[in-house]
Amino acid sequence: MSTENEIITNIRREIQPAFLKVEDQSERHRGHAGWREGGGTHFQVTISSEAFEGMTRIQRHRRIHEAISSPLMKRIHALSIRIIDV
């Protein structure tokens, strides 16, 4: 399973988002720190979920990192998060 699909699977299982888009942006970072041939290093997550209600921005970001899981996060160099309110 690709890193992108692992991120999608983990977030859907743990957060049940109303909207989720995960984009591998690795190619945009070619030659930069953390970049690897074949991608899977730089991602943007756009998400909306009622599970974030009442949480601060930091709490929401932490929840997403927890959902993705520590072993998977160690393989990712950069994660951009965009949260859309429900």
# chains A, B, ... in the order shown; residues from 1 in each chain; ligands from 1

$ residues_around --residues "Glu23 in chain A" --least-positions-apart "6" --cutoff "9 Å" --atoms "only C-alpha atoms" --output "JSON, numbers by chain"
{"A": [4, 42, 43, 44, 45, 46]}

$ select_by_dssp --residues "chain A" --states "strand (DSSP E or B)" --output "ChimeraX atom specification"
/A:19-24,42-48,78-83

$ closest_residue --among "A:Leu79, A:Val86, A:Ser2, A:His61" --to "Gln25 in chain A" --atoms "only C-alpha atoms"
A:Leu79

$ select_by_dssp --residues "chain A" --states "helix (DSSP H, G or I)" --output "MDAnalysis selection string"
chainID A and resid 3:15 26:29 50:52 57:68 70:73

$ residues_around --residues "Ile8 in chain A" --least-positions-apart "3" --cutoff "9 Å" --atoms "only C-alpha atoms" --output "ChimeraX atom specification"
/A:3-5,11-13,20-22,68

$ atom_distance --atom1 "CA of Ala51 in chain A" --atom2 "CA of Ile84 in chain A"
12.1 Å

$ closest_residue --among "A:Arg30, A:Phe19, A:Glu14, A:Gly40" --to "Leu72 in chain A" --atoms "only C-alpha atoms"
A:Gly40

$ closest_residue --among "A:Ile76, A:Ile83, A:Arg28, A:Glu66" --to "Phe52 in chain A" --atoms "only C-alpha atoms"
A:Ile83
